[in-house]
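The next block is final_3.cif, given as mmCIF, C-alpha atoms.
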data_my_file
#
loop_
_atom_site.group_PDB
_atom_site.id
_atom_site.type_symbol
_atom_site.label_atom_id
_atom_site.label_comp_id
_atom_site.auth_asym_id
_atom_site.auth_seq_id
_atom_site.Cartn_x
_atom_site.Cartn_y
_atom_site.Cartn_z
ATOM 1 C CA MET A 1 -2.754 10.788 -10.950
ATOM 2 C CA THR A 2 0.787 9.370 -10.817
ATOM 3 C CA SER A 3 3.204 10.699 -8.189
ATOM 4 C CA PRO A 4 6.922 11.192 -8.824
ATOM 5 C CA LEU A 5 8.766 7.959 -8.079
ATOM 6 C CA ALA A 6 10.849 8.027 -4.893
ATOM 7 C CA SER A 7 14.616 7.883 -5.284
ATOM 8 C CA TRP A 8 16.036 4.359 -4.911
ATOM 9 C CA PRO A 9 19.840 4.487 -4.636
ATOM 10 C CA TYR A 10 20.074 0.809 -3.699
ATOM 11 C CA PRO A 11 21.085 -2.387 -5.508
ATOM 12 C CA ALA A 12 18.339 -4.674 -6.797
ATOM 13 C CA HIS A 13 19.708 -7.721 -4.937
ATOM 14 C CA ILE A 14 19.864 -7.679 -1.140
ATOM 15 C CA ALA A 15 21.575 -10.349 0.973
ATOM 16 C CA HIS A 16 19.107 -11.496 3.633
ATOM 17 C CA ARG A 17 20.533 -11.275 7.160
ATOM 18 C CA GLY A 18 23.946 -10.572 5.695
ATOM 19 C CA GLY A 19 25.006 -13.884 4.217
ATOM 20 C CA GLY A 20 21.806 -15.774 3.563
ATOM 21 C CA LYS A 21 22.333 -19.500 4.074
ATOM 22 C CA LEU A 22 26.110 -19.315 3.656
ATOM 23 C CA ALA A 23 27.033 -18.190 7.185
ATOM 24 C CA PRO A 24 25.425 -17.648 10.591
ATOM 25 C CA GLU A 25 22.842 -14.917 10.163
ATOM 26 C CA ASN A 26 23.283 -11.394 11.516
ATOM 27 C CA THR A 27 27.013 -11.740 12.123
ATOM 28 C CA LEU A 28 30.092 -10.128 10.652
ATOM 29 C CA ALA A 29 30.911 -13.533 9.157
ATOM 30 C CA ALA A 30 27.619 -13.305 7.282
ATOM 31 C CA MET A 31 28.506 -9.868 5.945
ATOM 32 C CA ARG A 32 31.847 -11.143 4.706
ATOM 33 C CA ALA A 33 30.125 -14.075 2.995
ATOM 34 C CA GLY A 34 27.708 -11.713 1.293
ATOM 35 C CA LYS A 35 30.535 -9.525 0.109
ATOM 36 C CA ARG A 36 32.441 -12.531 -1.285
ATOM 37 C CA CYS A 37 29.364 -13.336 -3.382
ATOM 38 C CA GLY A 38 29.423 -9.851 -4.837
ATOM 39 C CA TYR A 39 26.457 -8.482 -2.906
ATOM 40 C CA ARG A 40 26.533 -4.753 -2.322
ATOM 41 C CA MET A 41 23.575 -4.496 0.054
ATOM 42 C CA PHE A 42 22.845 -6.346 3.288
ATOM 43 C CA GLU A 43 19.638 -6.661 5.281
ATOM 44 C CA PHE A 44 20.020 -7.305 9.006
ATOM 45 C CA ASP A 45 17.998 -7.110 12.226
ATOM 46 C CA VAL A 46 18.738 -4.771 15.112
ATOM 47 C CA LYS A 47 17.311 -4.878 18.614
ATOM 48 C CA LEU A 48 18.371 -3.614 22.056
ATOM 49 C CA SER A 49 20.025 -5.461 24.897
ATOM 50 C CA ARG A 50 18.625 -4.998 28.377
ATOM 51 C CA ASP A 51 21.034 -2.121 28.946
ATOM 52 C CA GLY A 52 20.232 -0.415 25.649
ATOM 53 C CA VAL A 53 23.063 -1.551 23.362
ATOM 54 C CA ALA A 54 21.990 -2.062 19.731
ATOM 55 C CA VAL A 55 22.929 -5.569 18.548
ATOM 56 C CA LEU A 56 22.160 -7.802 15.589
ATOM 57 C CA LEU A 57 19.660 -10.524 16.456
ATOM 58 C CA HIS A 58 16.461 -11.666 14.786
ATOM 59 C CA ASP A 59 14.481 -13.623 17.370
ATOM 60 C CA ASP A 60 12.991 -12.478 20.658
ATOM 61 C CA ASP A 61 14.824 -15.405 22.293
ATOM 62 C CA VAL A 62 18.447 -16.372 21.797
ATOM 63 C CA GLU A 63 18.105 -20.192 21.554
ATOM 64 C CA ARG A 64 17.907 -20.631 17.777
ATOM 65 C CA THR A 65 21.042 -18.709 16.795
ATOM 66 C CA THR A 66 23.252 -18.866 19.895
ATOM 67 C CA ASP A 67 24.209 -21.280 22.656
ATOM 68 C CA GLY A 68 22.273 -19.177 25.168
ATOM 69 C CA HIS A 69 18.767 -19.426 26.572
ATOM 70 C CA GLY A 70 15.945 -17.029 27.317
ATOM 71 C CA PRO A 71 14.660 -13.695 26.051
ATOM 72 C CA ALA A 72 17.158 -11.310 24.499
ATOM 73 C CA LYS A 73 15.534 -8.386 26.313
ATOM 74 C CA ASP A 74 16.626 -9.850 29.660
ATOM 75 C CA LYS A 75 20.322 -9.954 28.758
ATOM 76 C CA THR A 76 22.859 -7.163 29.048
ATOM 77 C CA TYR A 77 25.248 -6.558 26.193
ATOM 78 C CA ALA A 78 28.046 -8.117 28.257
ATOM 79 C CA GLU A 79 25.954 -11.291 28.530
ATOM 80 C CA LEU A 80 25.057 -11.332 24.826
ATOM 81 C CA ALA A 81 28.701 -10.791 23.900
ATOM 82 C CA GLN A 82 29.652 -14.030 25.664
ATOM 83 C CA LEU A 83 27.320 -16.141 23.506
ATOM 84 C CA ASP A 84 28.447 -18.297 20.595
ATOM 85 C CA ALA A 85 26.409 -17.143 17.602
ATOM 86 C CA GLY A 86 28.165 -19.328 15.038
ATOM 87 C CA SER A 87 28.378 -22.971 16.108
ATOM 88 C CA TRP A 88 24.746 -23.678 15.215
ATOM 89 C CA HIS A 89 25.675 -23.069 11.569
ATOM 90 C CA GLY A 90 28.845 -25.169 11.613
ATOM 91 C CA PRO A 91 32.170 -25.683 13.398
ATOM 92 C CA ALA A 92 33.943 -23.230 11.089
ATOM 93 C CA TYR A 93 31.989 -20.447 12.765
ATOM 94 C CA ALA A 94 32.401 -21.563 16.385
ATOM 95 C CA GLY A 95 32.856 -18.572 18.648
ATOM 96 C CA GLU A 96 31.344 -16.039 16.249
ATOM 97 C CA PRO A 97 29.930 -13.293 18.494
ATOM 98 C CA VAL A 98 26.682 -11.391 18.463
ATOM 99 C CA PRO A 99 27.859 -8.147 16.821
ATOM 100 C CA THR A 100 26.933 -4.627 17.761
ATOM 101 C CA PHE A 101 25.160 -2.387 15.274
ATOM 102 C CA ALA A 102 28.196 -0.107 15.506
ATOM 103 C CA ALA A 103 30.595 -2.847 14.381
ATOM 104 C CA VAL A 104 28.448 -3.846 11.414
ATOM 105 C CA ALA A 105 27.967 -0.215 10.396
ATOM 106 C CA ARG A 106 31.741 0.294 10.413
ATOM 107 C CA TYR A 107 32.253 -2.779 8.219
ATOM 108 C CA ALA A 108 29.523 -1.784 5.761
ATOM 109 C CA ILE A 109 30.696 1.802 5.413
ATOM 110 C CA ALA A 110 34.377 0.820 5.032
ATOM 111 C CA ASN A 111 33.463 -1.637 2.259
ATOM 112 C CA GLY A 112 30.914 0.503 0.420
ATOM 113 C CA ILE A 113 28.001 -1.791 1.339
ATOM 114 C CA ALA A 114 24.462 -0.412 1.409
ATOM 115 C CA CYS A 115 22.242 -1.490 4.302
ATOM 116 C CA ASN A 116 18.612 -2.243 5.027
ATOM 117 C CA VAL A 117 18.444 -1.953 8.792
ATOM 118 C CA GLU A 118 15.388 -3.820 10.026
ATOM 119 C CA ILE A 119 14.289 -2.461 13.386
ATOM 120 C CA LYS A 120 13.358 -5.642 15.275
ATOM 121 C CA PRO A 121 12.246 -4.591 18.767
ATOM 122 C CA CYS A 122 11.894 -6.942 21.681
ATOM 123 C CA PRO A 123 8.265 -7.044 22.893
ATOM 124 C CA GLY A 124 7.307 -3.852 24.700
ATOM 125 C CA ARG A 125 10.324 -1.873 23.458
ATOM 126 C CA GLU A 126 9.002 -0.779 20.071
ATOM 127 C CA ALA A 127 9.223 2.999 20.460
ATOM 128 C CA GLU A 128 12.532 2.912 22.343
ATOM 129 C CA THR A 129 14.141 0.663 19.744
ATOM 130 C CA GLY A 130 12.917 2.708 16.795
ATOM 131 C CA ASP A 131 14.249 5.887 18.369
ATOM 132 C CA THR A 132 17.624 4.426 19.342
ATOM 133 C CA VAL A 133 18.294 2.647 16.049
ATOM 134 C CA ALA A 134 17.389 5.723 13.998
ATOM 135 C CA ARG A 135 19.599 8.008 16.088
ATOM 136 C CA LEU A 136 22.507 5.580 15.855
ATOM 137 C CA ALA A 137 22.044 5.200 12.101
ATOM 138 C CA ARG A 138 22.161 8.975 11.709
ATOM 139 C CA GLN A 139 25.362 9.062 13.786
ATOM 140 C CA PHE A 140 27.097 6.121 12.085
ATOM 141 C CA TRP A 141 26.300 7.248 8.535
ATOM 142 C CA SER A 142 26.986 10.936 9.103
ATOM 143 C CA GLY A 143 28.674 12.263 5.983
ATOM 144 C CA VAL A 144 28.107 9.015 4.048
ATOM 145 C CA HIS A 145 26.388 9.529 0.707
ATOM 146 C CA LYS A 146 24.302 6.340 0.618
ATOM 147 C CA ARG A 147 22.234 6.319 3.787
ATOM 148 C CA PRO A 148 20.762 3.117 5.207
ATOM 149 C CA LEU A 149 17.150 2.176 4.587
ATOM 150 C CA LEU A 150 15.292 1.702 7.884
ATOM 151 C CA SER A 151 12.429 -0.778 7.881
ATOM 152 C CA SER A 152 10.182 -2.511 10.390
ATOM 153 C CA PHE A 153 7.073 -4.632 10.787
ATOM 154 C CA SER A 154 6.387 -2.547 13.911
ATOM 155 C CA GLU A 155 4.579 0.638 12.943
ATOM 156 C CA GLU A 156 5.244 2.010 16.416
ATOM 157 C CA ALA A 157 8.972 1.518 15.927
ATOM 158 C CA LEU A 158 8.809 3.028 12.450
ATOM 159 C CA ALA A 159 6.941 6.087 13.746
ATOM 160 C CA SER A 160 9.551 6.518 16.459
ATOM 161 C CA ALA A 161 12.358 6.248 13.897
ATOM 162 C CA GLN A 162 10.619 8.831 11.722
ATOM 163 C CA ALA A 163 10.429 11.261 14.638
ATOM 164 C CA ALA A 164 14.054 10.668 15.658
ATOM 165 C CA ALA A 165 15.686 10.904 12.219
ATOM 166 C CA PRO A 166 13.130 12.064 9.639
ATOM 167 C CA GLU A 167 15.801 12.512 6.963
ATOM 168 C CA LEU A 168 16.625 8.793 6.830
ATOM 169 C CA PRO A 169 14.714 6.726 4.231
ATOM 170 C CA ARG A 170 12.167 4.239 5.555
ATOM 171 C CA ALA A 171 10.218 1.231 4.298
ATOM 172 C CA LEU A 172 7.173 -0.438 5.822
ATOM 173 C CA LEU A 173 7.506 -4.210 6.200
ATOM 174 C CA VAL A 174 4.272 -6.182 6.011
ATOM 175 C CA GLU A 175 3.361 -9.831 6.491
ATOM 176 C CA ALA A 176 0.346 -9.316 4.244
ATOM 177 C CA VAL A 177 -0.380 -6.272 2.093
ATOM 178 C CA PRO A 178 -3.049 -4.148 3.808
ATOM 179 C CA ASP A 179 -5.757 -2.477 1.747
ATOM 180 C CA ASP A 180 -4.728 0.914 3.138
ATOM 181 C CA TRP A 181 -1.022 0.578 2.275
ATOM 182 C CA PRO A 182 -0.927 4.002 0.537
ATOM 183 C CA ALA A 183 -2.126 5.764 3.683
ATOM 184 C CA ARG A 184 0.324 3.879 5.883
ATOM 185 C CA LEU A 185 3.272 4.689 3.648
ATOM 186 C CA ARG A 186 2.307 8.358 3.673
ATOM 187 C CA LYS A 187 1.817 8.336 7.445
ATOM 188 C CA TYR A 188 5.367 7.134 8.107
ATOM 189 C CA GLY A 189 6.979 9.014 5.235
ATOM 190 C CA CYS A 190 8.128 5.769 3.625
ATOM 191 C CA ILE A 191 9.829 5.525 0.269
ATOM 192 C CA GLY A 192 9.160 1.810 0.068
ATOM 193 C CA LEU A 193 6.921 -1.153 0.830
ATOM 194 C CA ASN A 194 8.631 -4.485 1.620
ATOM 195 C CA ILE A 195 6.278 -7.395 0.957
ATOM 196 C CA ASN A 196 6.212 -11.182 1.136
ATOM 197 C CA GLN A 197 7.208 -12.299 -2.353
ATOM 198 C CA LYS A 198 4.085 -14.520 -2.473
ATOM 199 C CA ASP A 199 1.939 -11.365 -2.560
ATOM 200 C CA ALA A 200 3.765 -9.780 -5.496
ATOM 201 C CA THR A 201 1.736 -9.168 -8.652
ATOM 202 C CA PRO A 202 2.299 -6.902 -11.645
ATOM 203 C CA GLU A 203 -0.786 -4.946 -10.583
ATOM 204 C CA LEU A 204 0.487 -4.304 -7.055
ATOM 205 C CA ILE A 205 3.948 -3.315 -8.265
ATOM 206 C CA GLY A 206 2.432 -0.897 -10.754
ATOM 207 C CA ALA A 207 0.100 0.591 -8.154
ATOM 208 C CA VAL A 208 2.944 1.146 -5.679
ATOM 209 C CA HIS A 209 5.026 2.834 -8.366
ATOM 210 C CA ARG A 210 2.150 5.053 -9.487
ATOM 211 C CA ALA A 211 1.736 6.152 -5.873
ATOM 212 C CA GLY A 212 5.383 7.286 -5.919
ATOM 213 C CA HIS A 213 6.862 4.489 -3.796
ATOM 214 C CA ARG A 214 9.279 1.616 -4.304
ATOM 215 C CA ILE A 215 8.573 -2.044 -3.644
ATOM 216 C CA ALA A 216 10.836 -4.922 -2.603
ATOM 217 C CA ALA A 217 10.058 -8.586 -1.934
ATOM 218 C CA TRP A 218 11.251 -11.018 0.722
ATOM 219 C CA THR A 219 12.501 -13.737 0.731
ATOM 220 C CA VAL A 220 13.095 -14.795 -2.890
ATOM 221 C CA ASN A 221 15.152 -17.995 -3.051
ATOM 222 C CA ASP A 222 14.195 -19.328 -6.482
ATOM 223 C CA PRO A 223 16.149 -17.803 -9.397
ATOM 224 C CA ASP A 224 13.186 -18.179 -11.775
ATOM 225 C CA ARG A 225 10.921 -16.378 -9.322
ATOM 226 C CA ALA A 226 13.477 -13.594 -8.964
ATOM 227 C CA ARG A 227 13.647 -13.168 -12.746
ATOM 228 C CA LEU A 228 9.847 -13.067 -12.962
ATOM 229 C CA LEU A 229 9.569 -10.414 -10.251
ATOM 230 C CA PHE A 230 12.155 -8.259 -11.985
ATOM 231 C CA SER A 231 10.264 -8.640 -15.271
ATOM 232 C CA TRP A 232 7.225 -7.251 -13.448
ATOM 233 C CA GLY A 233 9.226 -4.228 -12.297
ATOM 234 C CA ILE A 234 10.048 -5.072 -8.658
ATOM 235 C CA ASP A 235 12.735 -2.724 -7.328
ATOM 236 C CA ALA A 236 14.623 -5.248 -5.201
ATOM 237 C CA VAL A 237 14.560 -8.765 -3.811
ATOM 238 C CA PHE A 238 15.907 -10.118 -0.548
ATOM 239 C CA THR A 239 17.445 -13.579 -0.846
ATOM 240 C CA ASP A 240 19.094 -16.327 1.201
ATOM 241 C CA GLN A 241 20.448 -18.059 -1.910
ATOM 242 C CA LEU A 242 23.444 -15.878 -2.599
ATOM 243 C CA SER A 243 25.225 -18.539 -4.613
ATOM 244 C CA LEU A 244 22.197 -19.171 -6.876
ATOM 245 C CA ILE A 245 20.931 -15.637 -7.434
ATOM 246 C CA ALA A 246 23.769 -13.504 -8.749
ATOM 247 C CA PRO A 247 23.665 -9.816 -7.841
ATOM 248 C CA THR A 248 23.565 -7.196 -10.559
ATOM 249 C CA ALA A 249 24.534 -3.535 -10.605
#
Take the structure in this file and express it as structure tokens.
Amino acid sequence: MTSPLASWPYPAHIAHRGGGKLAPENTLAAMRAGKRCGYRMFEFDVKLSRDGVAVLLHDDDVERTTDGHGPAKDKTYAELAQLDAGSWHGPAYAGEPVPTFAAVARYAIANGIACNVEIKPCPGREAETGDTVARLARQFWSGVHKRPLLSSFSEEALASAQAAAPELPRALLVEAVPDDWPARLRKYGCIGLNINQKDATPELIGAVHRAGHRIAAWTVNDPDRARLLFSWGIDAVFTDQLSLIAPTA
């Protein structure tokens, strides 16, 4: 029996970490780069500073994308705000700060940009991060028609987000597609399943749709692969190659 397909008010092309390879990831500079390329939806990662401020940062440690050292969970927001999150990408971005979730939400809403907010908790802070990010998303997007899509690899964080703001749409992120994906999507009230693009098949896409869910693939950087996935019926792709894969309506 086929279930009614979940609403999907989002663009089919999603800029990975804001600006893909064009700008330092998870920064406002990245969002501006994505917008210049015509993208109308950003994916970005949100975690908590030691003192509970929601910031954009992918890794558990700060070395790769800033000039700092050590675990992000050990740093206050004031300490994170002093880091240079742009020089690693190039001198044009020297001094780019680690942005707050609030700042990025303001930019996205003001510019009509849809968002996939990936809840990316530091180790041991899964439930707290899911709760905080969901509550903030509800606050930031209050009265906004197109609400953000919350996603996470952490099922604990996703469950916490569901409890905190059940009205916000959610997607389960998976490294590999589990056999019991239908039960997991139902458990967390998800509208979508976000998979590694290598696992995409016409059969899986059809099965997810028949179950009433949407399916998106990360990270698709080959234009031919993107076209193939869309021909199979994928709902959206995340990409780093914003200049090669042109967004559509």
Any idea what's packed within 10 Å of Lys187 (chain A), counting only C-alpha atoms, ignoring anything in its chain fewer than 3 positions away? Could you give it as a PyMOL selection string?
chain A and resi 155+159+162+181-184+190
Closest to Pro166 (chain A) among A:Ile195, A:Phe230, A:Leu150, A:Pro123, using all atoms listed in the file?
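Looking only at the distances to Pro166 (chain A), the closest residue turns out to be A:Leu150.
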List as an NGL selection string the protein and nucleic acid residues near Thr76 (chain A), meaning an atom at most 7 Å away when all atoms listed in the file are counted, but skip any in the same chain fewer than 5 places from it.
:A and (49-51)
Mind checking which residues fall within 9 Å of Lys35 (chain A), counting all atoms listed in the file, ignoring those fewer than 6 positions away in the same chain, and posting them as a tab-separated table (two decimals) with C-alpha atoms, in the frame of the given file?
chain	number	residue	atom	x	y	z
A	18	GLY	CA	23.95	-10.57	5.70
A	19	GLY	CA	25.01	-13.88	4.22
A	41	MET	CA	23.58	-4.50	0.05
A	42	PHE	CA	22.84	-6.35	3.29
A	111	ASN	CA	33.46	-1.64	2.26
A	113	ILE	CA	28.00	-1.79	1.34
For the provided coordinates, the residues matched by the PyMOL selection byres ((chain A and resi 7) around 12) should be stated as an MDAnalysis selection string.
chainID A and resid 4:6 8:10 146:147 149 169:170 190:192 209 212:215 235
For Asp224 (chain A), please output as a PyMOL selection string all residues within 12 Å (counting only C-alpha atoms; exclusion window: fewer than 6 positions along the same chain).
chain A and resi 230-231+244-246
To verify the selection step, state as a ChimeraX atom specification which residues the PyMOL selection byres ((chain A and resi 196-199) around 12) yields on this input.
/A:153,172-178,193-195,200-205,215-222,225-226,228-230,234,236-239
Polymer residues at most 12 Å from region 126-131 of chain A, only C-alpha atoms, same-chain spacing of 6 or more positions, as a VMD selection string
chain A and resid 45 to 55 73 117 to 120 137 to 138 150 to 166 170
Contacts between region 92-107 of chain A and region 9-80 of chain A, please, where a residue of region 9-80 of chain A counts if it comes within 12 Å (with all atoms listed in the file); show its shortest atom pair and distance in Å to one decimal, rows by chain and ascending number, as JSON lines.
{"residue": "A:Arg17", "atom": "CA", "partner": "A:Val104", "partner_atom": "CA", "distance": 11.7}
{"residue": "A:Gly18", "atom": "CA", "partner": "A:Val104", "partner_atom": "CA", "distance": 9.9}
{"residue": "A:Leu22", "atom": "CA", "partner": "A:Tyr93", "partner_atom": "CA", "distance": 10.9}
{"residue": "A:Ala23", "atom": "CA", "partner": "A:Tyr93", "partner_atom": "CA", "distance": 7.8}
{"residue": "A:Pro24", "atom": "CA", "partner": "A:Tyr93", "partner_atom": "CA", "distance": 7.5}
{"residue": "A:Glu25", "atom": "CA", "partner": "A:Val98", "partner_atom": "CA", "distance": 9.8}
{"residue": "A:Asn26", "atom": "CA", "partner": "A:Pro99", "partner_atom": "CA", "distance": 7.7}
{"residue": "A:Thr27", "atom": "CA", "partner": "A:Pro99", "partner_atom": "CA", "distance": 6.0}
{"residue": "A:Leu28", "atom": "CA", "partner": "A:Val104", "partner_atom": "CA", "distance": 6.5}
{"residue": "A:Ala29", "atom": "CA", "partner": "A:Glu96", "partner_atom": "CA", "distance": 7.5}
{"residue": "A:Ala30", "atom": "CA", "partner": "A:Tyr93", "partner_atom": "CA", "distance": 10.0}
{"residue": "A:Met31", "atom": "CA", "partner": "A:Val104", "partner_atom": "CA", "distance": 8.1}
{"residue": "A:Arg32", "atom": "CA", "partner": "A:Tyr107", "partner_atom": "CA", "distance": 9.1}
{"residue": "A:Ala33", "atom": "CA", "partner": "A:Tyr93", "partner_atom": "CA", "distance": 11.8}
{"residue": "A:Lys35", "atom": "CA", "partner": "A:Tyr107", "partner_atom": "CA", "distance": 10.7}
{"residue": "A:Phe42", "atom": "CA", "partner": "A:Val104", "partner_atom": "CA", "distance": 10.2}
{"residue": "A:Glu43", "atom": "CA", "partner": "A:Val104", "partner_atom": "CA", "distance": 11.1}
{"residue": "A:Phe44", "atom": "CA", "partner": "A:Val104", "partner_atom": "CA", "distance": 9.4}
{"residue": "A:Asp45", "atom": "CA", "partner": "A:Phe101", "partner_atom": "CA", "distance": 9.1}
{"residue": "A:Val46", "atom": "CA", "partner": "A:Phe101", "partner_atom": "CA", "distance": 6.9}
{"residue": "A:Lys47", "atom": "CA", "partner": "A:Phe101", "partner_atom": "CA", "distance": 8.9}
{"residue": "A:Leu48", "atom": "CA", "partner": "A:Thr100", "partner_atom": "CA", "distance": 9.6}
{"residue": "A:Ser49", "atom": "CA", "partner": "A:Thr100", "partner_atom": "CA", "distance": 10.0}
{"residue": "A:Gly52", "atom": "CA", "partner": "A:Thr100", "partner_atom": "CA", "distance": 11.2}
{"residue": "A:Val53", "atom": "CA", "partner": "A:Thr100", "partner_atom": "CA", "distance": 7.5}
{"residue": "A:Ala54", "atom": "CA", "partner": "A:Phe101", "partner_atom": "CA", "distance": 5.5}
{"residue": "A:Val55", "atom": "CA", "partner": "A:Thr100", "partner_atom": "CA", "distance": 4.2}
{"residue": "A:Leu56", "atom": "CA", "partner": "A:Pro99", "partner_atom": "CA", "distance": 5.8}
{"residue": "A:Leu57", "atom": "CA", "partner": "A:Val98", "partner_atom": "CA", "distance": 7.4}
{"residue": "A:His58", "atom": "CA", "partner": "A:Val98", "partner_atom": "CA", "distance": 10.9}
{"residue": "A:Val62", "atom": "CA", "partner": "A:Val98", "partner_atom": "CA", "distance": 10.2}
{"residue": "A:Thr65", "atom": "CA", "partner": "A:Val98", "partner_atom": "CA", "distance": 9.4}
{"residue": "A:Thr66", "atom": "CA", "partner": "A:Val98", "partner_atom": "CA", "distance": 8.3}
{"residue": "A:Asp67", "atom": "CA", "partner": "A:Gly95", "partner_atom": "CA", "distance": 9.9}
{"residue": "A:Gly68", "atom": "CA", "partner": "A:Val98", "partner_atom": "CA", "distance": 11.2}
{"residue": "A:Ala72", "atom": "CA", "partner": "A:Val98", "partner_atom": "CA", "distance": 11.3}
{"residue": "A:Tyr77", "atom": "CA", "partner": "A:Thr100", "partner_atom": "CA", "distance": 8.8}
{"residue": "A:Ala78", "atom": "CA", "partner": "A:Val98", "partner_atom": "CA", "distance": 10.4}
{"residue": "A:Glu79", "atom": "CA", "partner": "A:Val98", "partner_atom": "CA", "distance": 10.1}
{"residue": "A:Leu80", "atom": "CA", "partner": "A:Val98", "partner_atom": "CA", "distance": 6.6}
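In this model, the gap between CA of Met1 (chain A) and CA of His13 (chain A) comes to 29.7 Å.
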For CA of Thr2 (chain A) and CA of Ala171 (chain A), the interatomic separation in Å (one decimal)
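These atoms are spaced 19.6 Å apart.
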Taking all atoms of region 238-241 of chain A that the file lists and extending 3 Å past them on each side, where is the centre of the axis-aligned box and how long are its edges? Answer in Å to one decimal, as lines of an AutoDock Vina configuration file.
center_x = 18.2
center_y = -14.1
center_z = -0.4
size_x = 10.5
size_y = 13.9
size_z = 9.1
Expressed in Å to a single decimal, how great is the separation between CA of Gly86 (chain A) and CA of His69 (chain A)?
14.9 Å
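Distances here use all atoms listed in the file; by that measure, the residue among A:Ala15, A:Val133, A:Gly233, A:Gly90 closest to Arg36 (chain A) is A:Ala15.
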Only N, CA and C atoms, as a PDB file, in the first residue's frame: that is what I want for region 39-51 of chain A.
ATOM      1  N   TYR A  39      21.735  29.606  -5.842  1.00  0.00           N
ATOM      2  CA  TYR A  39      21.158  28.582  -4.965  1.00  0.00           C
ATOM      3  C   TYR A  39      20.171  29.213  -3.995  1.00  0.00           C
ATOM      4  N   ARG A  40      19.073  28.497  -3.799  1.00  0.00           N
ATOM      5  CA  ARG A  40      18.008  28.998  -2.928  1.00  0.00           C
ATOM      6  C   ARG A  40      17.799  28.111  -1.703  1.00  0.00           C
ATOM      7  N   MET A  41      18.762  27.208  -1.463  1.00  0.00           N
ATOM      8  CA  MET A  41      18.729  26.402  -0.243  1.00  0.00           C
ATOM      9  C   MET A  41      20.158  26.079   0.168  1.00  0.00           C
ATOM     10  N   PHE A  42      20.441  26.268   1.455  1.00  0.00           N
ATOM     11  CA  PHE A  42      21.744  25.974   2.023  1.00  0.00           C
ATOM     12  C   PHE A  42      21.618  24.830   3.014  1.00  0.00           C
ATOM     13  N   GLU A  43      22.643  23.994   3.062  1.00  0.00           N
ATOM     14  CA  GLU A  43      22.825  23.042   4.165  1.00  0.00           C
ATOM     15  C   GLU A  43      23.976  23.555   5.005  1.00  0.00           C
ATOM     16  N   PHE A  44      23.862  23.478   6.323  1.00  0.00           N
ATOM     17  CA  PHE A  44      24.958  23.864   7.201  1.00  0.00           C
ATOM     18  C   PHE A  44      24.853  23.112   8.516  1.00  0.00           C
ATOM     19  N   ASP A  45      25.974  23.096   9.260  1.00  0.00           N
ATOM     20  CA  ASP A  45      26.094  22.301  10.481  1.00  0.00           C
ATOM     21  C   ASP A  45      26.060  23.188  11.712  1.00  0.00           C
ATOM     22  N   VAL A  46      25.291  22.781  12.703  1.00  0.00           N
ATOM     23  CA  VAL A  46      25.168  23.576  13.925  1.00  0.00           C
ATOM     24  C   VAL A  46      25.512  22.718  15.137  1.00  0.00           C
ATOM     25  N   LYS A  47      26.374  23.260  15.977  1.00  0.00           N
ATOM     26  CA  LYS A  47      26.703  22.617  17.248  1.00  0.00           C
ATOM     27  C   LYS A  47      26.741  23.678  18.336  1.00  0.00           C
ATOM     28  N   LEU A  48      27.005  23.274  19.577  1.00  0.00           N
ATOM     29  CA  LEU A  48      26.988  24.206  20.706  1.00  0.00           C
ATOM     30  C   LEU A  48      28.391  24.472  21.228  1.00  0.00           C
ATOM     31  N   SER A  49      28.633  25.733  21.554  1.00  0.00           N
ATOM     32  CA  SER A  49      29.862  26.084  22.266  1.00  0.00           C
ATOM     33  C   SER A  49      29.771  25.554  23.695  1.00  0.00           C
ATOM     34  N   ARG A  50      30.858  25.682  24.416  1.00  0.00           N
ATOM     35  CA  ARG A  50      30.870  25.189  25.797  1.00  0.00           C
ATOM     36  C   ARG A  50      29.784  25.845  26.640  1.00  0.00           C
ATOM     37  N   ASP A  51      29.514  27.123  26.354  1.00  0.00           N
ATOM     38  CA  ASP A  51      28.510  27.849  27.126  1.00  0.00           C
ATOM     39  C   ASP A  51      27.146  27.873  26.437  1.00  0.00           C
TER      40      ASP A  51
END
